[in-house]
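Listing of target33.cif, mmCIF, C-alpha atoms
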data_entry
loop_
_atom_site.label_atom_id
_atom_site.label_comp_id
_atom_site.auth_asym_id
_atom_site.auth_seq_id
_atom_site.Cartn_x
_atom_site.Cartn_y
_atom_site.Cartn_z
CA ARG A 159 -1.02 -9.66 -35.98
CA ARG A 160 -4.15 -9.36 -33.91
CA ALA A 161 -1.96 -8.94 -30.82
CA ALA A 162 -0.16 -5.90 -32.20
CA PRO A 163 -2.72 -3.27 -31.07
CA ALA A 164 -2.72 -4.74 -27.58
CA MET A 165 1.06 -4.65 -27.52
CA ALA A 166 1.07 -1.02 -28.59
CA MET A 167 -1.47 -0.11 -25.91
CA ALA A 168 0.54 -1.86 -23.21
CA TRP A 169 3.78 -0.15 -24.14
CA ARG A 170 4.70 2.27 -21.38
CA ALA A 171 1.56 1.25 -19.54
CA ALA A 172 2.87 2.41 -16.18
CA PRO A 173 2.99 6.16 -17.02
CA ARG A 174 -0.51 6.08 -18.48
CA LEU A 175 -1.79 4.16 -15.50
CA ALA A 176 -0.31 6.60 -12.99
CA ALA A 177 -1.83 9.46 -14.95
CA ARG A 178 -5.25 7.84 -14.54
CA LEU A 179 -4.67 7.58 -10.80
CA ALA A 180 -3.53 11.19 -10.60
CA LEU A 181 -6.80 12.38 -12.10
CA GLY A 182 -8.60 11.21 -8.99
CA ARG A 183 -11.96 9.50 -9.26
CA ARG A 184 -12.28 9.73 -13.02
CA GLY A 185 -11.79 6.29 -14.52
CA ILE A 186 -11.56 4.60 -11.09
CA ALA A 187 -14.57 2.69 -9.77
CA SER A 188 -15.72 4.24 -6.50
CA CYS A 189 -15.53 0.88 -4.71
CA ILE A 190 -11.71 0.90 -4.94
CA ASP A 191 -11.14 4.67 -4.86
CA PRO A 192 -8.25 5.21 -2.41
CA SER A 193 -9.51 8.70 -1.50
CA VAL A 194 -12.78 7.47 0.03
CA GLY A 195 -13.04 8.34 3.71
CA LEU A 196 -10.12 10.76 3.73
CA THR A 197 -10.16 14.33 5.00
CA GLU A 198 -9.71 17.19 2.55
CA ASP A 199 -6.10 17.64 3.70
CA GLN A 200 -5.39 13.94 3.19
CA LYS A 201 -6.92 14.04 -0.27
CA GLU A 202 -4.58 16.93 -1.09
CA PHE A 203 -1.51 14.99 0.16
CA GLN A 204 -2.68 12.04 -1.90
CA LYS A 205 -3.18 14.12 -5.04
CA VAL A 206 0.29 15.67 -4.76
CA ALA A 207 1.82 12.19 -4.34
CA LEU A 208 -0.18 10.73 -7.24
CA ASP A 209 0.78 13.62 -9.51
CA PHE A 210 4.44 13.14 -8.58
CA ALA A 211 4.17 9.39 -9.20
CA ALA A 212 2.61 9.99 -12.62
CA LYS A 213 5.05 12.64 -13.82
CA GLU A 214 8.34 11.91 -12.08
CA MET A 215 8.35 8.18 -11.38
CA ALA A 216 6.15 6.07 -13.67
CA PRO A 217 7.77 7.21 -16.95
CA TYR A 218 11.15 6.00 -15.66
CA MET A 219 10.12 2.97 -13.61
CA ALA A 220 11.13 0.39 -16.22
CA GLU A 221 14.45 2.11 -16.99
CA TRP A 222 15.40 2.35 -13.31
CA ASP A 223 14.66 -1.36 -12.99
CA GLU A 224 16.49 -2.46 -16.12
CA LYS A 225 19.59 -0.29 -15.59
CA GLU A 226 19.53 -0.56 -11.78
CA ILE A 227 19.50 3.22 -11.35
CA PHE A 228 19.22 4.71 -7.85
CA PRO A 229 17.14 7.82 -8.72
CA VAL A 230 18.71 10.28 -6.31
CA GLU A 231 17.57 13.47 -8.04
CA THR A 232 13.99 12.24 -8.33
CA MET A 233 13.89 11.46 -4.62
CA ARG A 234 15.27 14.90 -3.84
CA LYS A 235 12.39 16.37 -5.85
CA ALA A 236 10.05 14.27 -3.70
CA ALA A 237 11.75 15.66 -0.60
CA GLN A 238 10.92 19.18 -1.78
CA LEU A 239 7.27 18.14 -1.43
CA GLY A 240 7.88 16.99 2.15
CA PHE A 241 8.31 13.28 1.45
CA GLY A 242 11.83 12.97 2.90
CA GLY A 243 10.67 13.16 6.53
CA VAL A 244 6.93 12.65 6.37
CA TYR A 245 6.38 11.85 10.06
CA VAL A 246 9.37 13.77 11.41
CA LYS A 247 8.84 16.93 13.47
CA PRO A 248 8.78 20.21 11.47
CA ASP A 249 11.38 21.93 13.67
CA VAL A 250 14.10 19.67 12.21
CA GLY A 251 12.85 19.79 8.62
CA GLY A 252 10.10 17.16 8.67
CA SER A 253 6.49 17.41 7.56
CA GLY A 254 5.00 16.45 10.93
CA LEU A 255 2.26 14.31 9.41
CA SER A 256 0.46 11.37 10.98
CA ARG A 257 1.04 7.66 10.37
CA LEU A 258 -2.19 7.53 8.37
CA ASP A 259 -1.11 10.49 6.24
CA THR A 260 2.18 8.67 5.65
CA SER A 261 0.42 5.47 4.58
CA ILE A 262 -1.70 7.41 2.11
CA ILE A 263 1.37 9.11 0.62
CA PHE A 264 3.44 5.93 0.23
CA GLU A 265 0.50 4.06 -1.30
CA ALA A 266 0.13 6.85 -3.87
CA LEU A 267 3.86 7.08 -4.67
CA SER A 268 4.10 3.32 -5.07
CA THR A 269 1.77 3.42 -8.08
CA GLY A 270 4.63 5.19 -9.89
CA CYS A 271 7.53 2.99 -8.74
CA THR A 272 7.17 0.53 -5.88
CA SER A 273 10.90 -0.11 -5.52
CA THR A 274 11.85 3.55 -5.18
CA THR A 275 8.97 4.28 -2.82
CA ALA A 276 9.95 1.32 -0.63
CA TYR A 277 13.46 2.73 -0.23
CA MET A 278 11.97 6.13 0.63
CA SER A 279 9.88 4.45 3.31
CA ILE A 280 13.02 2.93 4.87
CA HIS A 281 14.79 6.29 4.72
CA ASN A 282 11.81 7.90 6.48
CA MET A 283 11.94 5.25 9.20
CA CYS A 284 15.62 6.01 9.84
CA VAL A 285 15.03 9.76 10.10
CA TRP A 286 12.11 9.18 12.47
CA MET A 287 14.31 7.04 14.71
CA ILE A 288 16.92 9.81 14.96
CA ASP A 289 14.22 12.43 15.53
CA THR A 290 12.44 10.36 18.18
CA PHE A 291 15.30 8.79 20.12
CA GLY A 292 18.14 11.21 19.45
CA ASN A 293 19.00 14.19 21.62
CA GLU A 294 18.62 17.75 20.37
CA GLU A 295 22.20 17.91 19.07
CA GLN A 296 21.75 14.68 17.09
CA GLN A 297 18.42 15.82 15.72
CA ARG A 298 19.90 19.11 14.52
CA ARG A 299 22.98 17.41 13.09
CA PHE A 300 21.28 14.67 11.09
CA CYS A 301 17.59 15.34 10.46
CA PRO A 302 17.54 18.48 8.25
CA SER A 303 19.87 17.05 5.58
CA LEU A 304 18.04 13.71 5.68
CA CYS A 305 14.59 15.31 5.42
CA SER A 306 15.76 17.26 2.36
CA MET A 307 17.38 14.06 1.03
CA GLU A 308 20.61 15.95 0.59
CA ARG A 309 21.79 12.85 2.44
CA PHE A 310 20.24 9.37 2.45
CA ALA A 311 19.94 6.84 5.27
CA SER A 312 20.08 3.05 5.62
CA TYR A 313 18.73 0.82 8.40
CA CYS A 314 21.22 -1.82 9.58
CA LEU A 315 19.69 -4.63 11.65
CA THR A 316 19.89 -7.90 9.67
CA GLU A 317 23.12 -9.90 9.71
CA PRO A 318 24.28 -12.94 7.74
CA GLY A 319 23.48 -15.14 10.75
CA SER A 320 20.55 -13.24 12.29
CA GLY A 321 17.51 -12.43 10.19
CA SER A 322 14.23 -13.24 11.90
CA ASP A 323 16.14 -13.83 15.15
CA ALA A 324 17.31 -10.22 15.29
CA ALA A 325 18.05 -10.33 19.02
CA SER A 326 20.93 -12.75 18.34
CA LEU A 327 22.92 -10.21 16.31
CA LEU A 328 26.70 -10.33 16.76
CA THR A 329 27.99 -6.97 15.48
CA SER A 330 29.81 -5.60 18.52
CA ALA A 331 30.58 -2.11 19.79
CA GLN A 332 33.22 -2.05 22.54
CA ARG A 333 33.29 1.09 24.67
CA LYS A 334 36.67 2.80 24.85
CA GLY A 335 36.46 6.13 26.65
CA ASP A 336 34.31 8.50 24.61
CA THR A 337 34.13 6.16 21.63
CA TYR A 338 32.89 2.74 20.55
CA VAL A 339 34.94 0.38 18.38
CA LEU A 340 32.52 -1.31 16.01
CA ASN A 341 33.14 -4.70 14.37
CA GLY A 342 30.89 -7.02 12.40
CA SER A 343 28.71 -6.96 9.31
CA LYS A 344 25.13 -6.40 8.20
CA ALA A 345 23.37 -8.08 5.27
CA PHE A 346 20.70 -7.05 2.75
CA ILE A 347 21.03 -3.34 3.51
CA SER A 348 18.87 -1.17 1.25
CA GLY A 349 20.90 1.70 -0.13
CA GLY A 350 24.10 0.22 1.29
CA GLY A 351 27.18 1.85 -0.23
CA ASP A 352 25.22 4.64 -1.91
CA THR A 353 23.75 6.19 1.23
CA ASP A 354 25.36 8.56 3.69
CA VAL A 355 24.02 7.68 7.16
CA TYR A 356 23.76 4.21 8.72
CA VAL A 357 21.53 3.51 11.72
CA VAL A 358 23.23 0.44 13.18
CA MET A 359 22.02 -2.02 15.81
CA CYS A 360 25.02 -3.50 17.65
CA ARG A 361 25.88 -5.40 20.79
CA THR A 362 27.32 -3.30 23.64
CA GLY A 363 26.34 -5.72 26.40
CA GLY A 364 25.51 -9.35 27.04
CA PRO A 365 23.43 -11.73 24.91
CA GLY A 366 19.80 -11.09 24.07
CA PRO A 367 17.84 -7.92 23.31
CA LYS A 368 18.94 -6.00 26.41
CA GLY A 369 22.57 -6.03 25.24
CA ILE A 370 21.81 -4.14 22.01
CA SER A 371 22.41 -0.43 21.41
CA CYS A 372 21.89 1.86 18.43
CA LEU A 373 24.68 3.87 16.79
CA VAL A 374 24.60 6.30 13.86
CA LEU A 375 27.55 6.07 11.46
CA GLU A 376 28.40 8.36 8.60
CA LYS A 377 29.84 7.25 5.27
CA GLY A 378 33.57 7.81 5.17
CA THR A 379 34.15 6.53 8.71
CA PRO A 380 37.48 4.62 8.64
CA GLY A 381 36.85 0.88 8.67
CA LEU A 382 33.39 1.15 7.08
CA SER A 383 33.17 -0.77 3.80
CA PHE A 384 30.61 -2.50 1.61
CA GLY A 385 30.11 -5.82 -0.13
CA LYS A 386 29.25 -6.32 -3.77
CA LYS A 387 25.99 -4.97 -5.12
CA GLU A 388 23.46 -7.79 -4.89
CA ARG A 389 21.57 -8.95 -7.98
CA LYS A 390 17.89 -9.14 -7.10
CA VAL A 391 14.58 -10.30 -8.60
CA GLY A 392 13.05 -6.88 -7.96
CA TRP A 393 13.72 -3.68 -6.03
CA ASN A 394 16.35 -2.87 -8.64
CA SER A 395 16.07 0.92 -8.36
CA GLN A 396 17.74 0.69 -4.95
CA PRO A 397 21.15 -0.91 -4.35
CA THR A 398 21.51 -3.66 -1.76
CA ARG A 399 24.86 -4.52 -0.22
CA ALA A 400 26.47 -5.94 2.89
CA VAL A 401 27.78 -3.26 5.26
CA ILE A 402 31.04 -4.18 6.96
CA PHE A 403 32.60 -2.67 10.10
CA GLU A 404 36.29 -3.22 10.85
CA ASP A 405 37.46 -1.34 13.94
CA CYS A 406 35.18 1.61 13.13
CA VAL A 407 35.62 4.27 15.80
CA VAL A 408 32.26 5.89 16.57
CA PRO A 409 31.80 8.72 19.09
CA VAL A 410 29.58 7.93 22.07
CA GLY A 411 27.72 11.07 21.01
CA ASN A 412 26.42 9.10 18.00
CA ARG A 413 24.49 6.64 20.17
CA LEU A 414 20.71 7.00 20.04
CA GLY A 415 19.15 6.62 23.48
CA ALA A 416 20.78 4.74 26.32
CA GLU A 417 22.96 1.65 26.15
CA GLY A 418 20.73 -1.41 25.89
CA GLN A 419 17.84 0.53 24.32
CA GLY A 420 18.74 -0.41 20.76
CA PHE A 421 16.46 -3.40 20.33
CA SER A 422 13.46 -1.42 21.58
CA ILE A 423 14.35 1.40 19.16
CA ALA A 424 14.66 -1.12 16.31
CA MET A 425 11.29 -2.71 17.03
CA GLN A 426 9.49 0.61 17.40
CA GLY A 427 10.95 1.70 14.10
CA LEU A 428 9.78 -1.54 12.49
CA ASN A 429 6.19 -1.07 13.66
CA GLY A 430 6.03 1.99 11.44
CA GLY A 431 8.15 0.29 8.79
CA ARG A 432 5.60 -2.51 8.53
CA ILE A 433 2.82 -0.01 7.90
CA ASN A 434 4.99 1.74 5.33
CA ILE A 435 5.87 -1.41 3.37
CA ALA A 436 2.27 -2.59 3.51
CA SER A 437 1.27 0.78 2.06
CA CYS A 438 3.73 0.31 -0.79
CA SER A 439 2.08 -3.05 -1.46
CA LEU A 440 -1.32 -1.36 -1.63
CA GLY A 441 -0.08 1.03 -4.32
CA ALA A 442 1.32 -1.80 -6.43
CA ALA A 443 -1.88 -3.80 -6.05
CA HIS A 444 -4.10 -0.85 -6.93
CA ALA A 445 -2.05 -0.18 -10.04
CA SER A 446 -2.25 -3.86 -10.99
CA VAL A 447 -6.03 -3.95 -10.62
CA LEU A 448 -6.31 -1.02 -13.01
CA LEU A 449 -3.90 -2.65 -15.46
CA ALA A 450 -5.97 -5.83 -15.37
CA GLN A 451 -9.18 -3.88 -15.78
CA GLU A 452 -7.77 -2.15 -18.86
CA HIS A 453 -6.39 -5.35 -20.37
CA LEU A 454 -9.67 -7.23 -19.95
CA THR A 455 -11.47 -4.43 -21.75
CA VAL A 456 -9.01 -4.17 -24.65
CA ARG A 457 -7.94 -7.76 -25.25
CA LYS A 458 -10.23 -9.95 -27.36
CA GLN A 459 -10.34 -13.75 -27.50
CA PHE A 460 -12.93 -15.98 -29.17
CA GLY A 461 -14.45 -12.92 -30.80
CA GLU A 462 -15.21 -10.87 -27.69
CA PRO A 463 -13.42 -8.88 -24.99
CA LEU A 464 -12.00 -10.83 -22.08
CA ALA A 465 -14.13 -8.57 -19.88
CA ASN A 466 -17.19 -10.58 -21.01
CA ASN A 467 -15.79 -13.75 -19.46
CA GLN A 468 -17.61 -14.37 -16.18
CA TYR A 469 -14.73 -16.27 -14.61
CA LEU A 470 -12.41 -13.29 -15.18
CA GLN A 471 -15.09 -10.92 -13.91
CA PHE A 472 -15.25 -12.92 -10.67
CA ARG A 473 -11.47 -12.92 -10.28
CA LEU A 474 -11.34 -9.14 -10.84
CA ALA A 475 -14.03 -8.71 -8.19
CA GLU A 476 -12.01 -10.83 -5.76
CA MET A 477 -8.90 -8.73 -6.44
CA ALA A 478 -10.79 -5.51 -5.77
CA THR A 479 -12.29 -6.91 -2.57
CA ARG A 480 -8.89 -8.03 -1.27
CA LEU A 481 -7.42 -4.62 -2.09
CA VAL A 482 -10.05 -2.71 -0.14
CA ALA A 483 -9.88 -5.11 2.82
CA ALA A 484 -6.09 -4.75 2.96
CA ARG A 485 -6.28 -0.96 2.70
CA LEU A 486 -8.77 -0.77 5.58
CA MET A 487 -6.56 -2.99 7.74
CA VAL A 488 -3.44 -0.93 7.03
CA ARG A 489 -5.17 2.35 7.75
CA ASN A 490 -6.65 0.97 10.98
CA ALA A 491 -3.17 -0.08 12.15
CA ALA A 492 -1.74 3.30 11.18
CA ARG A 493 -4.33 5.03 13.38
CA ALA A 494 -3.56 2.69 16.27
CA LEU A 495 0.17 3.40 15.99
CA GLN A 496 -0.41 7.15 15.82
CA GLU A 497 -2.60 7.01 18.93
CA GLY A 498 -0.06 4.90 20.84
CA ARG A 499 -2.62 2.19 21.52
CA GLU A 500 -1.60 -0.92 23.43
CA ASP A 501 -2.59 -3.16 20.51
CA ALA A 502 -0.68 -1.10 17.92
CA ALA A 503 2.29 -3.46 17.48
CA VAL A 504 0.15 -6.53 16.86
CA LEU A 505 -2.19 -4.60 14.54
CA CYS A 506 0.86 -3.44 12.54
CA SER A 507 1.96 -7.08 12.27
CA MET A 508 -1.52 -8.19 11.19
CA ALA A 509 -1.71 -5.42 8.60
CA LYS A 510 1.74 -6.19 7.22
CA LEU A 511 0.95 -9.91 7.02
CA PHE A 512 -2.44 -9.49 5.39
CA ALA A 513 -1.64 -6.63 3.03
CA THR A 514 1.65 -7.98 1.65
CA ASP A 515 0.22 -11.48 1.16
CA GLU A 516 -3.02 -10.32 -0.43
CA CYS A 517 -1.45 -7.61 -2.55
CA PHE A 518 1.08 -10.06 -3.99
CA LEU A 519 -1.81 -12.37 -4.93
CA ILE A 520 -3.55 -9.41 -6.58
CA CYS A 521 -0.49 -8.45 -8.63
CA ASN A 522 0.18 -12.05 -9.59
CA GLN A 523 -3.44 -12.57 -10.68
CA ALA A 524 -3.24 -9.39 -12.75
CA LEU A 525 -0.20 -10.83 -14.50
CA GLN A 526 -2.07 -14.08 -15.14
CA MET A 527 -4.95 -12.15 -16.68
CA HIS A 528 -2.50 -10.66 -19.16
CA GLY A 529 -1.55 -14.15 -20.33
CA GLY A 530 1.79 -14.31 -22.11
CA TYR A 531 1.94 -10.54 -22.41
CA GLY A 532 2.10 -10.26 -18.63
CA TYR A 533 5.45 -12.03 -18.68
CA LEU A 534 6.99 -9.48 -21.04
CA LYS A 535 8.95 -6.57 -19.62
CA ASP A 536 7.10 -4.22 -21.96
CA TYR A 537 4.13 -4.66 -19.61
CA ALA A 538 4.29 -2.91 -16.25
CA VAL A 539 2.41 -5.61 -14.36
CA GLN A 540 5.41 -7.96 -14.22
CA GLN A 541 7.51 -5.30 -12.50
CA PHE A 542 4.89 -4.79 -9.81
CA VAL A 543 4.94 -8.56 -9.21
CA ARG A 544 8.74 -8.63 -8.92
CA ASP A 545 8.98 -5.53 -6.76
CA ILE A 546 6.24 -6.53 -4.35
CA ARG A 547 7.37 -10.11 -3.70
CA VAL A 548 10.07 -9.15 -1.21
CA HIS A 549 7.55 -7.30 0.97
CA GLN A 550 6.51 -10.68 2.38
CA ILE A 551 10.09 -11.15 3.62
CA LEU A 552 11.48 -7.84 4.85
CA GLU A 553 10.50 -5.71 7.86
CA GLY A 554 9.94 -9.06 9.58
CA THR A 555 8.95 -12.10 7.53
CA ASN A 556 5.27 -12.91 7.35
CA GLU A 557 5.99 -16.06 9.33
CA VAL A 558 7.28 -13.86 12.16
CA MET A 559 4.16 -11.69 11.81
CA ARG A 560 2.09 -14.81 12.43
CA MET A 561 4.17 -15.60 15.53
CA ILE A 562 3.59 -12.08 16.91
CA VAL A 563 -0.16 -12.30 16.39
CA ALA A 564 -0.42 -15.81 17.84
CA ARG A 565 1.68 -14.87 20.87
CA ASN A 566 -0.57 -11.88 21.54
CA LEU A 567 -3.70 -14.03 21.34
CA LEU A 568 -2.36 -16.82 23.55
CA GLN A 569 -0.89 -14.54 26.16
CA GLY A 570 -4.08 -12.51 26.31
#
Could you express the structure from this file as structure tokens?
Amino acid sequence: RRAAPAMAMAWRAAPRLAARLALGRRGIASCIDPSVGLTEDQKEFQKVALDFAAKEMAPYMAEWDEKEIFPVETMRKAAQLGFGGVYVKPDVGGSGLSRLDTSIIFEALSTGCTSTTAYMSIHNMCVWMIDTFGNEEQQRRFCPSLCSMERFASYCLTEPGSGSDAASLLTSAQRKGDTYVLNGSKAFISGGGDTDVYVVMCRTGGPGPKGISCLVLEKGTPGLSFGKKERKVGWNSQPTRAVIFEDCVVPVGNRLGAEGQGFSIAMQGLNGGRINIASCSLGAAHASVLLAQEHLTVRKQFGEPLANNQYLQFRLAEMATRLVAARLMVRNAARALQEGREDAAVLCSMAKLFATDECFLICNQALQMHGGYGYLKDYAVQQFVRDIRVHQILEGTNEVMRMIVARNLLQG
């Protein structure tokens, strides 16, 4: 019976939590305040994103997860605020913001629903690739409807036999006059089957990275089909399927960049993608710290609040410290990428490695602090744990991030 008030307070915890975040500094200790150090414009972007997370995402986060709903209309509302093409040029419908601005926005949105925000980050990466590497005709044809999220995009790199070893991909595109004939399959594609535009890395030349090109396919292309919807631990508000190409005829005019440039395009896209997914991890971790803080204050054991337990105080302090360290690393990498610095790629890898590892530990510790309640789906903390776990795998596994960092150090 004593647990009943705690249960009632935890019910629908995510909406209440996001509302706290949306209020700004009030109720958030200054040492973990995500607005510290930001410009006035950045604080405004952040506030808009936090308000949207609180009102349009958090109240539905659990339902989207349980029923595996892809919240198309909610994302289109987000696009009306400029979140469909955050770092895409304004002349094709984007917001034209910086990589740091983008990180701030995705961190804020992720406090409302990490899974949905993570898909939005992938969509943004796809639009940026078309905007950056496409010609003017391609930009005008694809970007406006993607920035408005009238249409949605998927990134197709991973294959059943090539995950971390992306340069060994086998999907082939054979040139025939003014077209390519595309054959092969992609695995673990976020949005696959429900999205409209597919940015596909395929082999147009010999083995290795220099034989890879990038094509843009539209849903409805003859020969394009999809596997079954995968059942996942988390990320349930976005569908994941295999994407299959059987003699798909694609115009040469749908190729981004030159033949053989595809692997470079893919890797440049992933540098930003790693910042984006790390930012989503920051939002989940920040939300989990606040959930833990609240639970320690409310929950009583042995006649006093858990907040009086020094061991738990120390663990909460460690969580907060890891959060701030990860945030600083992600924002530093975002600046480096925006400035085109030589060390940007390795800093993005370091930030992705550190932030996704540390933020998962933060979310998992927050669940542990909730005890048995943390394992119940009535409590938001378990969903943050499930949604954030995959961030250590995608956009390049954290083992590959370690390889990139080590290679940079040893070659230097």
Practice item. Name the residues that the PyMOL selection byres ((chain A and resi 373-382) around 9) picks from the file above, as a VMD selection string, using the file's chain letters and numbers. Key: chain A and resid 288 331 340 to 341 351 to 360 371 to 372 383 to 384 401 to 414 420
CA of Met233 in chain A to CA of Ala324 in chain A measures 29.6 Å
Nearest candidate to Phe518 in chain A (options A:Cys438, A:Asn490, A:Glu497, A:Lys247; using only C-alpha atoms):
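Closest residue, counting only C-alpha atoms: A:Cys438.
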Residue neighbourhood range 262-271 of chain A, 7 Å, all atoms listed in the file, exclusion window fewer than 6 positions, as a PyMOL selection string
chain A and resi 176+203-204+207-208+211-212+215-216+219+434+437-438+440-442+445
Output check: residues returned by the PyMOL selection byres ((chain A and resi 397) around 8), as an MDAnalysis selection string: chainID A and resid 226 228 348:352 387:388 394:396 398:399
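Closest approach to Val194 in chain A from the set A:Val488, A:Ala524, A:Leu328, A:Val482 is made by A:Val482, with distances taken over only C-alpha atoms.
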Judged by all atoms listed in the file, the minimum distance to Ala509 in chain A among A:Pro217, A:Gly240, A:Gly430, A:Pro192 is found for A:Gly430
**For Gly364 in chain A: contacts at 12 Å, all atoms listed in the file, fewer than 4 positions along chain excluded, given as a list in words** = Ala325, Ser326, Leu327, Leu328, Ser330, Ala331, Gln332, Cys360, Lys368, Gly369, Ile370, Ser371, Glu417 and Gly418 of chain A
Would you export the selected residues with C-alpha atoms as a PDB file, in the frame of the given file, please?
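Saved as selection_8.pdb:
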ATOM      1  CA  ALA A 325      18.050 -10.330  19.020  1.00  0.00           C
ATOM      2  CA  SER A 326      20.930 -12.750  18.340  1.00  0.00           C
ATOM      3  CA  LEU A 327      22.920 -10.210  16.310  1.00  0.00           C
ATOM      4  CA  LEU A 328      26.700 -10.330  16.760  1.00  0.00           C
ATOM      5  CA  SER A 330      29.810  -5.600  18.520  1.00  0.00           C
ATOM      6  CA  ALA A 331      30.580  -2.110  19.790  1.00  0.00           C
ATOM      7  CA  GLN A 332      33.220  -2.050  22.540  1.00  0.00           C
ATOM      8  CA  CYS A 360      25.020  -3.500  17.650  1.00  0.00           C
ATOM      9  CA  LYS A 368      18.940  -6.000  26.410  1.00  0.00           C
ATOM     10  CA  GLY A 369      22.570  -6.030  25.240  1.00  0.00           C
ATOM     11  CA  ILE A 370      21.810  -4.140  22.010  1.00  0.00           C
ATOM     12  CA  SER A 371      22.410  -0.430  21.410  1.00  0.00           C
ATOM     13  CA  GLU A 417      22.960   1.650  26.150  1.00  0.00           C
ATOM     14  CA  GLY A 418      20.730  -1.410  25.890  1.00  0.00           C
TER      15      GLY A 418
END
Exercise for review: Report the residues retrieved by the PyMOL selection byres ((chain A and resi 469-478) around 9) from the displayed file, expressed as a list in words.
Suggested key: Cys189, Ile190, Ala443, His444, Val447, Ala450, Gln451, Leu454, Leu464, Ala465, Asn466, Asn467, Gln468, Thr479, Arg480, Leu481, Val482, Ala483, Glu516, Cys517, Leu519, Ile520, Cys521, Gln523, Ala524 and Met527 of chain A
Hey, could you patch up range 505-510 of chain A with all heavy atoms and hand it over as a tab-separated table (two decimals), in the frame of the given file?
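The file below, result06.tsv, is the result:
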chain	number	residue	atom	x	y	z
A	505	LEU	N	-1.40	-5.02	15.69
A	505	LEU	CA	-2.19	-4.60	14.54
A	505	LEU	C	-1.29	-4.27	13.35
A	505	LEU	O	-1.64	-4.55	12.20
A	505	LEU	CB	-3.06	-3.39	14.89
A	505	LEU	CG	-4.25	-3.67	15.81
A	505	LEU	CD1	-4.96	-2.38	16.19
A	505	LEU	CD2	-5.24	-4.64	15.15
A	506	CYS	N	-0.11	-3.69	13.61
A	506	CYS	CA	0.86	-3.44	12.54
A	506	CYS	C	1.33	-4.76	11.93
A	506	CYS	O	1.47	-4.88	10.70
A	506	CYS	CB	2.06	-2.67	13.07
A	506	CYS	SG	1.71	-0.94	13.50
A	507	SER	N	1.55	-5.77	12.77
A	507	SER	CA	1.96	-7.08	12.27
A	507	SER	C	0.85	-7.72	11.45
A	507	SER	O	1.10	-8.30	10.39
A	507	SER	CB	2.33	-8.00	13.44
A	507	SER	OG	3.44	-7.48	14.15
A	508	MET	N	-0.39	-7.64	11.92
A	508	MET	CA	-1.52	-8.19	11.19
A	508	MET	C	-1.68	-7.51	9.84
A	508	MET	O	-1.91	-8.16	8.81
A	508	MET	CB	-2.80	-8.04	12.01
A	508	MET	CG	-2.85	-8.88	13.27
A	508	MET	SD	-4.24	-8.45	14.35
A	508	MET	CE	-5.60	-9.14	13.42
A	509	ALA	N	-1.55	-6.18	9.84
A	509	ALA	CA	-1.71	-5.42	8.60
A	509	ALA	C	-0.61	-5.75	7.60
A	509	ALA	O	-0.86	-5.92	6.41
A	509	ALA	CB	-1.73	-3.92	8.90
A	510	LYS	N	0.62	-5.86	8.10
A	510	LYS	CA	1.74	-6.19	7.22
A	510	LYS	C	1.56	-7.58	6.63
A	510	LYS	O	1.75	-7.81	5.43
A	510	LYS	CB	3.05	-6.08	8.00
A	510	LYS	CG	4.31	-6.07	7.14
A	510	LYS	CD	4.88	-7.45	6.91
A	510	LYS	CE	6.18	-7.38	6.12
A	510	LYS	NZ	6.74	-8.72	5.82
